[in-house]
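Below is one structure, written out as structure tokens; comments come after it.
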Amino acid sequence: MMKVSQFTTSLPYEGNVLLFNSFTDHFILVKPVLKELLDASKEAGDVEGLKNYHPAFFEELQKQGFILDAAHDEVEEVKKVSRKVDSDVSKYLLTINPTMGCNFKCWYCYETHVPGSKMAEDTIENVLKFVRREKEENKELKFFSMSFFGGEPLIYYDQVVVPLLKGAKSIFQDSDIVFGSSFTTNGYLLNQEKIDFLKAHSVSGMQITLDGSEAFHDKVRYVNANKGSYKKIISNIKLLAKNGMQITMRINFTRDNFISCLDIANDFDDLNVKYKKNILVDFHQVWQDEEGETVSTIPATDKFMTAGFNIRAKATNLNNVVDSCYADKMNSATINYNGEVFKCTARDFTTDNSLGVLHSDGTVIWKDEYLRRQNAKFHNAPCLECKLMPLCNGGCSQHAYEHLDDEKGYCVFGFDEYKKDEIILERFRLKVS
Ligand code: SF4
Ligand code: SF4
């Protein structure tokens with residue numbers, strides 16, 4: 001007996017029907033009559049019977065994973081992939097918050113700043129002990145990443161970043177394990193001297209955020225009442241790109257300022273296209289704007305693509321199983337300036353939220369809650385029946401964890417089938433563009 005995959009979506013598309021399977025990530029564009037044949041065989045409980053009416057269509061559907069053996073447990077298959085990805089020990093993804101302070105005063109994260117917070121020398125030493133332990137004890141380790149986050153990680157560049165990078169680089173110096181590093185920074189405090197040091201210490205990427213075009217950005221991200229930061233940041237992004245650094249330029253937008261974000265592309269007109277290729281543009285509608293209509297980013301992605309930038313579109317972002325968040329992975333940790341340890345970097349770094357503590361021997365002692373969080377995936381009933389589960393899977397481990405006691409279940413798209421279909425259509429458009 002055969003069945004139609006639960007991960008199949010069909011959508012009208014320019015007079016035809018677009019079939020999509022979210023597990024195999026395959027699309028087939030078919031005439032409506034073929035879709036009717038498939039529906040009829042499904043309704044008759046005789047999917048195999050389709051072979052008699054249209055053998056080539058049947059074969060194609062089978063090859064692309066749209067129809068499969070009825071005994072095949074598709075959800076179990078997704079779980080297997082997810083577990084394999086999340087328990088990969090060949091990589092360690094360590095995030096460091098050198099400080100919870102910042103040189104900006106953006107209203108939306110100002111409250112989480114801890115003025116004067118700075119990783120102390122003994123914590124820096126403990127972090128390096130932790131790195132050394134992982135190198136010596138994990139025989140399967142092939143790649144170790146140290147990412148800097150915060151707060152603004154560059155405000156204690158000399159005191160924290162430099163010793164950590166020097167220390168970590170020397171730990172992996174004579175080994176086959178590849179060491180890499182990256183930053184999430186506001187991009188303001190960079191200069192050529194720092195870039196030279198960072199490059200020499202295996203830093204290859206930076207994520208830098210803009211809050212819209214110059215006028216909007218400077219209203220939100222300012223150094224003081226009279227000084228915005230846009231011009232300096234754009235100039236530093238260009239400097240990084242010319243130095244071969246891979247930059248993710250995250251552009252936060254709202255419904256109101258979206259159109260103005262297209263102007264940002266013009267501010268890079270003086271940058272050679274070969275350097276623009278080092279910049280990946282990533283549009284995000286800000287969470288305060290989530291209620292209501294979602295803005296299509298297609299006009300902006302088209303403009304930036306034409307200008308020579310790389311683009312990360314929303315549809316390609318949705319890959320939560322195969323490309324899960326670092327915080328979902330067993331081999332990941334975020335060490336705060338004070339030695340408290342977390343997984344997710346998108347929640348407040350409070351003692352209550354912490355999941356462990358870094359000790360002076362370089363080990364992390366995890367709280368009991370850590371395991372509950374790590375095993376939070378696959379408990380949300382709506383996801384187990386959803387056509388998008390292999391791509392979405394309820395978001396990430398943090399979402400799943402926060403809804404563990406939610407009996408009704410949740411959906412990151414608010415159970416809105418239209419939003420899910422939009423994601424699929426955008427994915428298709430990108431695939432064929
Ligand atoms: S909220 Fe989810 S995706 Fe974001 S950092 Fe946390 S675990 Fe990762
Ligand atoms: S969160 Fe919503 S869209 Fe995502 S897998 Fe669950 S039910 Fe489906």
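Quick note on naming: the chains in the structure tokens go A, B, ... in the order shown, residues restart at 1 in each chain, and ligands are numbered from 1 in order of appearance.
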
Original post:
DSSP on the backbone: what in range 208-289 of chain A comes out alpha helix (DSSP H), as a PyMOL selection string?
Top reply: chain A and resi 214-220+230-242+263-266+273-276

Original post:
Near Phe130 in chain A, counting only C-alpha atoms, which residues have an atom at most 10 Å away, once you skip same-chain residues fewer than 4 positions from it, shown as a list in words?
Top reply: Leu94, Ile124, Glu125, Asn126, Glu134, Lys135, Glu136, Leu358, His359, Ser360, Asp361, Gly362, Thr363 and Val364 of chain A

**OP:** All residues within 8 Å of ligand 1 are required, counting only C-alpha atoms and all ligand atoms; please report them as JSON, numbers by chain.
**Re:** {"A": [324, 325, 326, 327, 328, 343, 344, 345, 346, 347, 395, 396, 397, 398, 399]}

**OP:** Could I get the residue neighbourhood of ligand 2 at 7 Å, counting only C-alpha atoms and all ligand atoms, as a list in words?
**Re:**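 Going residue by residue within 7 Å of ligand 2, we get Pro382, Cys383, Cys386, Lys387, Leu388, Met389, Cys392, Asn393, Gly394, Gly395, Tyr410, Cys411, Val412, Phe413, Gly414, Phe415 and Lys420 of chain A.
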
Original post:
Pick from A:Asn310, A:Asn16, A:Ser202, A:Ser82: nearest to Leu165 in chain A, with only C-alpha atoms counted?
Top reply: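 Among A:Asn310, A:Asn16, A:Ser202, A:Ser82, it is A:Ser202 that comes nearest to Leu165 in chain A.
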
Subject >> Which of range 193-243 of chain A DSSP labels strand (DSSP E or B), written as a count of residues only >> reply: 13

Original post:
Residues at most 6 Å from range 7-12 of chain A, counting only C-alpha atoms, excluding those fewer than 5 positions away in the same chain, as a list in words?
Top reply: Val17, Leu18, Leu19, Phe20, Asn21, Ser22 and Lys387 of chain A

Taking C-alpha atoms for each residue, export the selection above as an mmCIF file, in the first residue's frame.
```
data_model
loop_
_atom_site.group_PDB
_atom_site.id
_atom_site.type_symbol
_atom_site.label_atom_id
_atom_site.label_comp_id
_atom_site.auth_asym_id
_atom_site.auth_seq_id
_atom_site.Cartn_x
_atom_site.Cartn_y
_atom_site.Cartn_z
ATOM 1 C CA VAL A 17 -0.570 23.319 -9.693
ATOM 2 C CA LEU A 18 2.631 23.494 -7.701
ATOM 3 C CA LEU A 19 3.318 20.397 -5.637
ATOM 4 C CA PHE A 20 5.872 20.733 -2.850
ATOM 5 C CA ASN A 21 7.262 18.196 -0.432
ATOM 6 C CA SER A 22 8.877 19.786 2.597
ATOM 7 C CA LYS A 387 2.947 19.747 6.208
#
```

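Coordinates place CA of Gly356 in chain A at a distance of 27.0 Å from CA of Asp158 in chain A.
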
**OP:** Would you work out the distance separating CA of Ile171 in chain A from CA of Leu189 in chain A, expressed in Å to one decimal?
**Re:** 27.2 Å

Residues near Phe428 in chain A, anyone? I mean within 10 Å using only C-alpha atoms, not counting same-chain ones fewer than 2 positions away, as a short mmCIF file (atom, residue, chain, number, x, y, z; two decimals) with C-alpha atoms, in the first residue's frame.
```
data_model
loop_
_atom_site.label_atom_id
_atom_site.label_comp_id
_atom_site.auth_asym_id
_atom_site.auth_seq_id
_atom_site.Cartn_x
_atom_site.Cartn_y
_atom_site.Cartn_z
CA LEU A 18 2.63 23.49 -7.70
CA PHE A 20 5.87 20.73 -2.85
CA ASP A 25 12.38 19.93 -0.63
CA HIS A 26 11.22 19.08 -4.15
CA PHE A 27 8.75 20.94 -6.32
CA ILE A 28 6.78 19.63 -9.29
CA ALA A 315 12.05 31.22 2.52
CA THR A 316 15.57 29.90 2.39
CA GLU A 422 3.64 32.19 1.17
CA ILE A 423 6.85 30.63 2.50
CA ILE A 424 6.53 27.80 -0.01
CA LEU A 425 5.82 30.12 -2.93
CA GLU A 426 8.79 32.33 -2.06
CA LEU A 430 13.94 31.68 -5.41
CA LYS A 431 14.63 28.21 -6.72
CA VAL A 432 13.65 29.12 -10.25
CA SER A 433 15.10 32.66 -10.27
#
```

**OP:** Mind checking which residues fall within 8 Å of Ser117 in chain A, counting only C-alpha atoms, ignoring those fewer than 2 positions away in the same chain, and posting them as a list in words?
**Re:**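 Using only C-alpha atoms, the neighbours found are Thr99, Met100, Gly101, Val114, Pro115, Met119 and Tyr337 of chain A.
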
**OP:** Pick out the residues sitting within 10 Å of Tyr401 in chain A, and hand them over as a PyMOL selection string; count only C-alpha atoms, and ignore anything fewer than 2 positions along from it in its own chain.
**Re:** chain A and resi 372-377+379-380+396-399+403-406

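Minimum atom-to-atom distance to Ala333 in chain A, evaluated using only C-alpha atoms, belongs to A:Phe144 out of A:Phe144, A:Phe57, A:Glu48, A:Asp421.
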